[in-house]
>>> print(open('work-v7.csv').read())   # CSV, C-alpha atoms
chain,number,residue,atom,x,y,z
A,439,MET,CA,187.6,49.3,69.8
A,440,LYS,CA,190.2,52.0,70.2
A,441,CYS,CA,190.1,55.3,72.0
A,442,ARG,CA,189.6,58.2,69.6
A,443,VAL,CA,192.1,60.3,71.5
A,444,CYS,CA,195.0,57.9,72.3
A,445,ARG,CA,194.2,54.7,70.3
A,446,GLU,CA,194.5,52.6,73.5
A,447,PRO,CA,191.8,50.0,74.1
A,448,ALA,CA,188.4,51.7,74.7
A,449,VAL,CA,186.0,51.0,77.5
A,450,ILE,CA,182.9,52.7,76.1
A,451,ASP,CA,181.4,53.8,72.9
A,452,VAL,CA,179.5,57.1,72.6
A,453,ARG,CA,177.6,56.7,69.4
A,454,ARG,CA,176.3,60.3,69.1
A,455,HIS,CA,179.9,61.4,69.0
A,456,ASN,CA,180.7,58.5,66.7
A,457,ALA,CA,183.7,57.7,69.0
A,458,ASN,CA,185.0,55.3,71.6
A,459,PHE,CA,187.0,56.3,74.6
A,460,CYS,CA,189.5,54.8,77.1
A,461,HIS,CA,189.0,55.2,80.8
A,462,GLU,CA,191.1,58.3,81.1
A,463,HIS,CA,189.8,60.1,78.1
A,464,PHE,CA,186.1,59.2,78.8
A,465,LEU,CA,186.5,60.9,82.2
A,466,ARG,CA,188.1,63.9,80.5
A,467,LEU,CA,185.1,64.0,78.0
A,468,CYS,CA,182.7,64.2,80.9
A,469,ARG,CA,184.6,67.0,82.6
A,470,ASP,CA,184.9,68.9,79.4
A,471,GLN,CA,181.2,68.5,78.5
A,472,THR,CA,180.2,69.7,82.0
A,473,ALA,CA,182.6,72.6,81.9
A,474,LYS,CA,181.3,73.6,78.4
A,475,ALA,CA,177.7,73.5,79.6
A,476,ILE,CA,178.5,75.7,82.6
A,477,ALA,CA,180.4,78.2,80.4
A,478,ASP,CA,178.0,78.2,77.5
A,479,PHE,CA,175.0,79.0,79.7
A,480,SER,CA,176.8,81.1,82.4
A,481,MET,CA,175.6,78.7,85.1
A,482,ILE,CA,178.1,79.2,87.9
A,483,GLU,CA,180.7,81.9,88.6
A,484,ARG,CA,183.9,81.1,90.4
A,485,GLY,CA,183.6,81.7,94.1
A,486,GLU,CA,179.8,81.0,94.2
A,487,ARG,CA,178.5,78.5,96.7
A,488,VAL,CA,176.6,75.6,95.0
A,489,LEU,CA,174.0,73.3,96.6
A,490,VAL,CA,173.7,70.0,94.7
A,491,ALA,CA,170.4,68.2,94.8
A,492,VAL,CA,171.5,64.7,95.8
A,493,SER,CA,169.3,61.7,95.3
A,494,GLY,CA,172.0,59.0,95.7
A,495,GLY,CA,171.5,58.0,92.1
A,496,LYS,CA,174.1,58.1,89.3
A,497,ASP,CA,173.3,61.6,88.0
A,498,SER,CA,173.4,63.6,91.2
A,499,LEU,CA,176.5,61.8,92.5
A,500,ALA,CA,178.3,62.2,89.1
A,501,LEU,CA,177.4,65.9,89.2
A,502,TRP,CA,178.7,66.4,92.7
A,503,ASP,CA,181.9,64.7,91.8
A,504,LEU,CA,182.3,66.6,88.5
A,505,LEU,CA,181.7,70.0,90.1
A,506,ILE,CA,184.3,69.2,92.8
A,507,GLU,CA,186.7,68.0,90.1
A,508,LEU,CA,186.1,71.3,88.3
A,509,GLY,CA,187.0,73.3,91.4
A,510,TYR,CA,183.7,74.5,92.6
A,511,GLU,CA,182.6,74.9,96.3
A,512,VAL,CA,179.7,72.4,96.6
A,513,ASP,CA,177.6,71.0,99.4
A,514,GLY,CA,174.8,68.4,98.9
A,515,LEU,CA,171.2,68.2,100.0
A,516,TYR,CA,169.5,64.9,100.3
A,517,ILE,CA,165.7,64.6,100.9
A,518,GLY,CA,164.4,61.5,102.5
A,519,LEU,CA,161.2,60.8,100.7
A,520,GLY,CA,160.1,57.8,102.8
A,521,ILE,CA,159.9,55.3,99.9
A,522,GLY,CA,160.8,52.3,102.0
A,523,GLY,CA,164.0,50.4,101.3
A,524,TYR,CA,164.6,52.4,98.2
A,525,SER,CA,165.0,55.6,100.3
A,526,ASP,CA,167.1,53.8,102.9
A,527,ASP,CA,169.5,52.6,100.2
A,528,SER,CA,169.7,55.9,98.3
A,529,GLY,CA,170.2,57.9,101.5
A,530,ALA,CA,173.1,55.5,102.5
A,531,ALA,CA,174.7,56.0,99.0
A,532,ALA,CA,174.5,59.8,99.4
A,533,GLN,CA,175.9,59.6,102.9
A,534,ALA,CA,178.8,57.3,102.0
A,535,PHE,CA,179.8,59.5,99.0
A,536,ALA,CA,179.9,62.6,101.2
A,537,SER,CA,181.7,61.0,104.1
A,538,ASP,CA,184.3,59.2,101.9
A,539,ARG,CA,185.3,62.6,100.4
A,540,GLY,CA,184.9,64.8,103.4
A,541,LEU,CA,182.0,66.7,101.8
A,542,THR,CA,179.0,68.4,103.6
A,543,LEU,CA,175.7,66.7,103.0
A,544,ARG,CA,172.6,68.3,104.4
A,545,VAL,CA,169.6,66.1,105.1
A,546,VAL,CA,165.9,66.8,105.2
A,547,ASP,CA,163.5,64.0,106.0
A,548,LEU,CA,159.9,64.5,104.8
A,549,ARG,CA,158.4,62.3,107.5
A,550,ARG,CA,160.5,63.6,110.4
A,551,ASP,CA,160.5,67.3,109.4
A,552,HIS,CA,157.2,67.8,107.7
A,553,GLY,CA,155.0,64.9,108.9
A,554,PHE,CA,154.4,63.0,105.7
A,555,ASP,CA,156.1,60.9,103.0
A,556,VAL,CA,155.7,60.4,99.3
A,557,PRO,CA,153.6,57.2,99.4
A,558,THR,CA,151.2,58.7,101.9
A,559,ALA,CA,150.9,62.0,99.9
A,560,ALA,CA,150.2,60.0,96.7
A,561,ALA,CA,147.5,58.1,98.4
A,562,VAL,CA,145.9,61.1,100.1
A,563,THR,CA,145.9,63.3,97.0
A,564,ARG,CA,145.1,60.3,94.6
A,565,ARG,CA,147.7,61.6,92.3
A,566,VAL,CA,150.8,59.9,90.9
A,567,PRO,CA,153.7,59.7,93.4
A,568,CYS,CA,156.0,61.7,91.1
A,569,SER,CA,153.7,64.7,91.6
A,570,ALA,CA,154.2,64.9,95.4
A,571,CYS,CA,157.8,64.0,95.1
A,572,GLY,CA,158.7,66.7,92.5
A,573,LEU,CA,156.7,69.3,94.4
A,574,SER,CA,158.4,68.5,97.7
A,575,LYS,CA,161.9,68.4,96.2
A,576,ARG,CA,161.5,71.8,94.4
A,577,HIS,CA,160.1,73.5,97.5
A,578,LEU,CA,162.7,72.1,99.9
A,579,PHE,CA,165.7,72.6,97.6
A,580,ASP,CA,164.7,76.3,97.1
A,581,ARG,CA,164.2,76.8,100.8
A,582,ALA,CA,167.5,75.1,101.8
A,583,ALA,CA,169.4,77.1,99.3
A,584,LEU,CA,168.0,80.5,100.4
A,585,GLU,CA,168.3,79.7,104.1
A,586,GLY,CA,171.8,78.3,103.7
A,587,GLY,CA,173.1,81.3,101.7
A,588,TYR,CA,173.8,79.3,98.5
A,589,ASP,CA,174.1,81.2,95.2
A,590,VAL,CA,172.8,78.4,93.0
A,591,VAL,CA,171.1,75.0,93.1
A,592,ALA,CA,172.5,72.4,90.7
A,593,THR,CA,170.5,69.4,89.7
A,594,GLY,CA,171.6,66.2,87.8
A,595,HIS,CA,169.2,66.5,84.9
A,596,ASN,CA,171.0,65.0,81.9
A,597,LEU,CA,170.4,65.1,78.1
A,598,ASP,CA,168.0,62.1,78.2
A,599,ASP,CA,165.9,63.8,81.0
A,600,GLU,CA,165.7,67.1,79.2
A,601,ALA,CA,164.9,65.5,75.8
A,602,ALA,CA,162.1,63.4,77.4
A,603,VAL,CA,160.6,66.5,79.2
A,604,LEU,CA,160.8,68.4,75.9
A,605,PHE,CA,159.1,65.6,74.1
A,606,GLY,CA,156.3,65.5,76.6
A,607,ASN,CA,155.8,69.2,76.6
A,608,ALA,CA,155.9,69.4,72.8
A,609,LEU,CA,153.3,66.6,72.5
A,610,ARG,CA,150.8,68.9,74.3
A,611,TRP,CA,152.3,72.2,73.2
A,612,GLN,CA,152.6,73.4,76.8
A,613,VAL,CA,154.1,76.7,75.9
A,614,GLU,CA,154.7,77.9,79.5
A,615,TYR,CA,156.5,74.7,80.4
A,616,LEU,CA,158.5,74.8,77.1
A,617,ALA,CA,159.6,78.3,77.9
A,618,ARG,CA,160.8,77.4,81.3
A,619,GLN,CA,162.8,74.4,80.1
A,620,ALA,CA,166.2,76.0,80.1
A,621,PRO,CA,169.5,74.8,81.5
A,622,VAL,CA,169.5,77.9,83.7
A,623,LEU,CA,166.6,79.4,85.6
A,624,PRO,CA,167.7,82.8,87.0
A,625,ALA,CA,167.2,83.7,90.6
A,626,GLY,CA,164.3,86.0,91.5
A,627,ALA,CA,161.1,86.5,93.4
A,628,GLY,CA,162.2,84.2,96.3
A,629,PHE,CA,163.8,81.5,94.1
A,630,PRO,CA,167.5,80.7,93.9
A,631,ARG,CA,169.2,80.3,90.5
A,632,LYS,CA,168.9,76.7,89.2
A,633,VAL,CA,171.3,75.1,86.8
A,634,LYS,CA,171.6,71.7,85.0
A,635,PRO,CA,175.3,71.2,84.2
A,636,LEU,CA,174.8,67.7,82.9
A,637,VAL,CA,172.7,68.6,79.9
A,638,ARG,CA,175.5,67.7,77.5
A,639,LEU,CA,175.9,64.2,78.9
A,640,ALA,CA,173.5,61.2,78.3
A,641,GLU,CA,172.5,59.1,81.2
A,642,ARG,CA,174.6,56.1,80.0
A,643,GLU,CA,177.5,58.4,80.3
A,644,THR,CA,176.8,59.6,83.8
A,645,ALA,CA,176.4,55.9,84.8
A,646,ALA,CA,179.7,55.0,83.1
A,647,TYR,CA,181.4,58.0,84.8
A,648,CYS,CA,180.3,56.6,88.2
A,649,VAL,CA,181.5,53.1,87.4
A,650,LEU,CA,184.9,54.4,86.3
A,651,ARG,CA,185.2,56.8,89.2
A,652,GLY,CA,184.3,54.1,91.7
A,653,ILE,CA,181.1,55.9,92.8
A,654,ASP,CA,178.7,53.5,94.5
A,655,TYR,CA,175.3,54.8,93.5
A,656,GLN,CA,171.8,53.6,94.0
A,657,VAL,CA,171.3,51.4,90.9
A,658,GLU,CA,167.8,50.2,91.6
A,659,GLU,CA,165.0,52.2,90.1
A,660,CYS,CA,162.5,54.0,92.3
A,661,PRO,CA,159.6,51.5,92.8
A,662,MET,CA,157.1,54.4,92.5
A,663,ALA,CA,158.5,55.6,89.1
A,664,ALA,CA,157.7,52.4,87.2
A,665,GLY,CA,155.4,53.0,84.3
A,666,ASN,CA,155.4,56.8,84.5
A,667,LYS,CA,155.1,59.0,81.4
A,668,HIS,CA,158.7,60.2,81.6
A,669,LEU,CA,160.0,56.7,81.2
A,670,GLY,CA,157.7,56.1,78.3
A,671,TYR,CA,159.0,59.2,76.5
A,672,LYS,CA,162.6,58.1,77.2
A,673,GLU,CA,161.9,54.6,75.6
A,674,ALA,CA,160.4,56.3,72.6
A,675,LEU,CA,163.4,58.6,72.1
A,676,ASN,CA,165.8,55.7,72.7
A,677,ARG,CA,164.3,53.8,69.8
A,678,ILE,CA,164.9,56.8,67.5
A,679,GLU,CA,168.4,57.3,68.9
A,680,GLU,CA,169.2,53.6,68.2
A,681,THR,CA,168.8,54.1,64.5
A,682,SER,CA,169.8,57.7,64.4
A,683,PRO,CA,172.5,58.6,66.9
A,684,GLY,CA,172.6,62.2,67.9
A,685,SER,CA,168.8,62.7,67.5
A,686,LYS,CA,168.2,63.5,71.2
A,687,HIS,CA,171.1,66.1,71.2
A,688,ASP,CA,169.8,67.7,68.0
A,689,PHE,CA,166.2,67.7,69.4
A,690,TYR,CA,167.1,69.4,72.7
A,691,PHE,CA,169.8,71.8,71.6
A,692,GLY,CA,167.9,72.7,68.4
A,693,PHE,CA,165.0,73.6,70.6
A,694,LEU,CA,167.3,75.8,72.8
A,695,ASP,CA,168.8,77.5,69.8
A,696,ARG,CA,165.9,78.0,67.5
A,697,LEU,CA,162.5,77.7,69.3
A,698,ALA,CA,163.1,78.8,72.9
A,699,PRO,CA,164.0,82.4,72.1
A,700,LEU,CA,160.8,82.8,70.1
A,701,ILE,CA,158.5,81.7,72.9
A,702,GLN,CA,160.1,83.7,75.8
A,703,THR,CA,157.8,86.7,75.5
A,704,ALA,CA,154.6,84.7,75.3
A,705,ALA,CA,155.6,82.7,78.3
A,706,ALA,CA,156.5,85.7,80.3
A,707,GLU,CA,153.1,87.3,79.7
A,708,ALA,CA,151.4,84.1,80.8
A,709,ARG,CA,153.4,83.7,84.0
A,710,PRO,CA,151.2,84.5,87.1
A,711,ASP,CA,152.2,87.2,89.5
A,712,LEU,CA,153.5,85.5,92.7
A,713,ALA,CA,152.5,86.4,96.2
A,714,VAL,CA,154.1,85.1,99.4
A,715,CYS,CA,152.8,82.0,101.1
A,716,SER,CA,151.0,83.0,104.3
A,717,SER,CA,152.3,79.8,106.0
A,718,CYS,CA,156.0,79.5,105.1
A,719,GLY,CA,156.8,82.7,103.2
A,720,ALA,CA,157.7,80.9,99.9
A,721,PRO,CA,156.6,82.4,96.6
A,722,SER,CA,153.1,81.2,95.8
A,723,SER,CA,150.4,81.8,93.2
A,724,GLY,CA,147.8,81.5,96.0
A,725,GLU,CA,147.5,82.5,99.6
A,726,VAL,CA,149.1,79.2,100.7
A,727,CYS,CA,151.8,77.5,98.6
A,728,ALA,CA,151.3,74.0,97.1
A,729,PHE,CA,153.8,72.4,99.5
A,730,CYS,CA,152.0,73.8,102.6
A,731,ARG,CA,148.7,72.7,101.2
A,732,LEU,CA,150.1,69.2,100.7
A,733,GLN,CA,151.4,69.2,104.2
A,734,GLU,CA,148.0,70.2,105.5
A,735,ARG,CA,146.2,67.6,103.5
A,736,THR,CA,148.4,64.8,104.8
A,737,GLU,CA,148.3,65.9,108.4
A,738,GLY,CA,147.2,63.1,110.6
A,739,ALA,CA,147.1,60.6,107.7
A,740,GLU,CA,148.3,57.1,108.6
A,741,ALA,CA,151.6,56.2,106.8
A,742,VAL,CA,150.9,54.3,103.6
A,743,PRO,CA,153.1,51.4,102.4
A,744,VAL,CA,155.1,52.0,99.2
A,745,SER,CA,152.9,49.5,97.2
A,746,LEU,CA,149.7,51.3,98.0
A,747,GLY,CA,151.2,54.8,97.4
A,748,ARG,CA,151.7,53.7,93.8
A,749,ALA,CA,148.0,53.3,93.1
A,750,ARG,CA,146.8,56.1,90.8
A,751,LYS,CA,143.2,55.8,91.8
A,752,ARG,CA,141.9,54.1,94.9
A,753,PRO,CA,138.2,53.4,95.7
A,754,ARG,CA,136.7,55.9,98.1
A,755,PRO,CA,136.0,54.3,101.5
B,1310,MET,CA,175.3,37.0,85.4
B,1311,LEU,CA,173.4,39.7,87.3
B,1312,LEU,CA,170.5,41.6,85.8
B,1313,ARG,CA,168.8,44.5,87.4
B,1314,ASN,CA,165.4,46.1,87.6
B,1315,PRO,CA,164.2,43.6,88.5
B,1316,ARG,CA,167.2,42.1,90.1
B,1317,ARG,CA,167.8,38.5,88.9
B,1318,GLU,CA,170.7,36.1,88.1
B,1319,LEU,CA,171.2,33.7,85.3
B,1320,ALA,CA,174.0,31.5,83.9
B,1321,VAL,CA,175.1,31.8,80.2
B,1322,ASP,CA,177.8,29.7,78.5
B,1323,GLY,CA,180.8,31.6,77.2
B,1324,PRO,CA,183.0,32.7,75.7
B,1325,LEU,CA,180.6,35.2,74.2
B,1326,SER,CA,180.8,38.7,72.9
B,1327,VAL,CA,179.0,41.5,74.7
B,1328,VAL,CA,177.0,42.2,71.5
B,1329,ALA,CA,175.9,38.6,71.2
B,1330,LEU,CA,175.0,38.5,74.9
B,1331,LEU,CA,172.8,41.6,74.6
B,1332,GLN,CA,171.2,40.3,71.4
B,1333,ARG,CA,170.4,37.0,73.2
B,1334,LEU,CA,168.8,38.9,76.1
B,1335,GLU,CA,167.1,41.3,73.7
B,1336,VAL,CA,168.6,44.3,75.5
B,1337,ALA,CA,169.4,47.5,73.6
B,1338,PRO,CA,173.1,48.3,74.0
B,1339,GLY,CA,172.4,51.9,74.5
B,1340,SER,CA,170.2,51.2,77.5
B,1341,VAL,CA,172.8,49.4,79.6
B,1342,LEU,CA,176.4,49.2,80.8
B,1343,VAL,CA,178.1,45.8,80.8
B,1344,ILE,CA,180.5,45.2,83.8
B,1345,ALA,CA,182.6,42.1,83.7
B,1346,ASP,CA,184.6,41.1,86.9
B,1347,GLY,CA,184.1,44.6,88.2
B,1348,THR,CA,185.4,46.4,85.0
B,1349,LEU,CA,183.4,48.4,82.4
B,1350,VAL,CA,183.7,46.6,79.1
B,1351,PRO,CA,183.0,47.8,75.5
B,1352,VAL,CA,180.4,46.2,73.2
B,1353,ASP,CA,183.1,44.3,71.2
B,1354,ALA,CA,184.6,42.6,74.3
B,1355,ILE,CA,184.6,38.9,74.6
B,1356,LEU,CA,183.3,37.6,77.9
B,1357,ALA,CA,185.0,34.5,79.3
B,1358,ASP,CA,183.0,31.5,80.4
B,1359,ASP,CA,183.7,32.1,84.0
B,1360,ALA,CA,183.3,35.9,83.9
B,1361,ASP,CA,181.1,37.5,86.6
B,1362,VAL,CA,178.9,39.8,84.5
B,1363,GLU,CA,176.5,42.6,85.4
B,1364,ILE,CA,174.1,44.1,82.9
B,1365,ARG,CA,173.3,47.4,84.5
B,1366,PRO,CA,170.4,49.5,83.2
B,1367,VAL,CA,171.0,53.2,82.9
B,1368,ILE,CA,167.6,54.6,82.2
B,1369,SER,CA,166.0,56.2,85.3
B,1370,GLY,CA,162.6,57.7,85.8
B,1371,GLY,CA,161.3,60.8,87.5
B,1372,SER,CA,161.5,64.2,86.1
>>> encode(input="work-v7.csv", output="structure tokens")
Amino acid sequence: MKCRVCREPAVIDVRRHNANFCHEHFLRLCRDQTAKAIADFSMIERGERVLVAVSGGKDSLALWDLLIELGYEVDGLYIGLGIGGYSDDSGAAAQAFASDRGLTLRVVDLRRDHGFDVPTAAAVTRRVPCSACGLSKRHLFDRAALEGGYDVVATGHNLDDEAAVLFGNALRWQVEYLARQAPVLPAGAGFPRKVKPLVRLAERETAAYCVLRGIDYQVEECPMAAGNKHLGYKEALNRIEETSPGSKHDFYFGFLDRLAPLIQTAAAEARPDLAVCSSCGAPSSGEVCAFCRLQERTEGAEAVPVSLGRARKRPRP
Amino acid sequence: MLLRNPRRELAVDGPLSVVALLQRLEVAPGSVLVIADGTLVPVDAILADDADVEIRPVISGGS
């Protein structure tokens, strides 16, 4: 295999571009695709302060590295979710990345700072762990960005993530969710602006970027994510992509180009008016926001091992 | 050879192409990276008998 750009030996194939790339030109492709996403969707202005949501995995560390390479002012925020050895390893990867490069990493620990962790929250609420995890991360990233004076929160959602979420939302025609599935969510009503600069890169590319840049990320999968719907949607889309390269890109960007503009009005009308949480001051559809309610429900609960937190339904005592 | 998620090791005789190895393991090429002796290698690479190979999955969960 030869690099499409320089004809030197390639290190990776990118089938949806029908091209192969050498080390140097693959890294350039990743930078160019990220810069194009930022420009096309007006994600970040020069001089703005960016807070990257860092999990210690390939996407968030690749994103942090790419934004620094592109010249942005970027700090990271890592949230300790209390998922046993997995959290220990992912936290260590995030810390090592930051300290090796002299970058600022803020850390919030759910157990230390808010009295619960994801396995315990999953067990107490009897819901899938990803529910408490996502809720906590969204709330804490918003809060940290506003308190820290950041202009924008950047997350490592890639093309595979966005295509899988779109697939799931379209399966049930969840119009409100579909309308909010944009690469940029503008700031407003107590929320910071949120951007997804990796939407033009597939997750195999963010992983390859990390390998080629020497970024030591958390490779192991979250033990609580196994078997979730999101992974099932990705597997289904990957089977389509295998025989029809470019399908995921066409699916997602076709949605953004053709369908998303048509459903904005309906979604805006259906959006609830937000009040302010009486406990923490965050935007909330009720008197108390979902995060504070979760914190209240888990108060005093004994810490649950990771394996038990995975259970979707547990018998009542 | 190191396989991940779950993490396990196995020995495979070489030389062998990456494509042939992935076919033997029934792994879709688009779902992994192949790293031989610490270097990312393309699907048409030939892996030496004594190569230290990692098959690294790239699909992650969560949303």
>>> closest_residue(input="work-v7.csv", among="A:Glu486, A:Asp688, A:Asp451, A:Glu462", to="chain B", atoms="all atoms listed in the file")
A:Asp451
>>> atom_distance(input="work-v7.csv", atom1="CA of Ala739 in chain A", atom2="CA of Arg549 in chain A")
11.4 Å
>>> interface_residues(input="work-v7.csv", of="chain A", to="chain B", cutoff="10 Å", atoms="all atoms listed in the file", output="PyMOL selection string")
chain A and resi 439-440+447-453+458-461+495-497+567-569+571-572+595+598-600+602-603+640-646+649-650+657-670+672-673+676-677+679-680
>>> atom_distance(input="work-v7.csv", atom1="CA of Pro630 in chain A", atom2="CA of Arg550 in chain A")
24.8 Å
>>> atom_distance(input="work-v7.csv", atom1="CA of Ala741 in chain A", atom2="CA of Arg581 in chain A")
24.9 Å
>>> closest_residue(input="work-v7.csv", among="B:Leu1311, B:Leu1334, B:Leu1325, B:Ala1320", to="Asp1346 in chain B", atoms="only C-alpha atoms")
B:Leu1311
>>> closest_residue(input="work-v7.csv", among="A:Leu694, A:Ala627, A:Val556, A:Val492", to="Ala713 in chain A", atoms="all atoms listed in the file")
A:Ala627
>>> build_atoms(input="work-v7.csv", residues="range 568-581 of chain A", atoms="N, CA and C atoms", output="tab-separated table (two decimals), in the frame of the given file")
chain	number	residue	atom	x	y	z
A	568	CYS	N	155.03	60.74	91.64
A	568	CYS	CA	156.00	61.70	91.10
A	568	CYS	C	155.58	63.14	91.33
A	569	SER	N	154.26	63.35	91.42
A	569	SER	CA	153.70	64.70	91.60
A	569	SER	C	154.14	65.25	92.97
A	570	ALA	N	153.82	64.50	94.03
A	570	ALA	CA	154.20	64.90	95.40
A	570	ALA	C	155.69	64.97	95.57
A	571	CYS	N	156.37	64.03	94.95
A	571	CYS	CA	157.80	64.00	95.10
A	571	CYS	C	158.48	65.21	94.45
A	572	GLY	N	158.09	65.53	93.21
A	572	GLY	CA	158.70	66.70	92.50
A	572	GLY	C	158.35	67.99	93.25
A	573	LEU	N	157.10	68.13	93.65
A	573	LEU	CA	156.70	69.30	94.40
A	573	LEU	C	157.49	69.52	95.65
A	574	SER	N	157.63	68.45	96.41
A	574	SER	CA	158.40	68.50	97.70
A	574	SER	C	159.83	68.87	97.45
A	575	LYS	N	160.43	68.21	96.47
A	575	LYS	CA	161.90	68.40	96.20
A	575	LYS	C	162.10	69.89	95.78
A	576	ARG	N	161.29	70.38	94.86
A	576	ARG	CA	161.50	71.80	94.40
A	576	ARG	C	161.39	72.75	95.56
A	577	HIS	N	160.34	72.58	96.36
A	577	HIS	CA	160.10	73.50	97.50
A	577	HIS	C	161.28	73.44	98.49
A	578	LEU	N	161.68	72.24	98.86
A	578	LEU	CA	162.70	72.10	99.90
A	578	LEU	C	164.09	72.46	99.44
A	579	PHE	N	164.38	72.22	98.16
A	579	PHE	CA	165.70	72.60	97.60
A	579	PHE	C	165.77	74.17	97.59
A	580	ASP	N	164.68	74.81	97.16
A	580	ASP	CA	164.70	76.30	97.10
A	580	ASP	C	164.87	76.83	98.53
A	581	ARG	N	164.12	76.28	99.47
A	581	ARG	CA	164.20	76.80	100.80
A	581	ARG	C	165.58	76.60	101.43
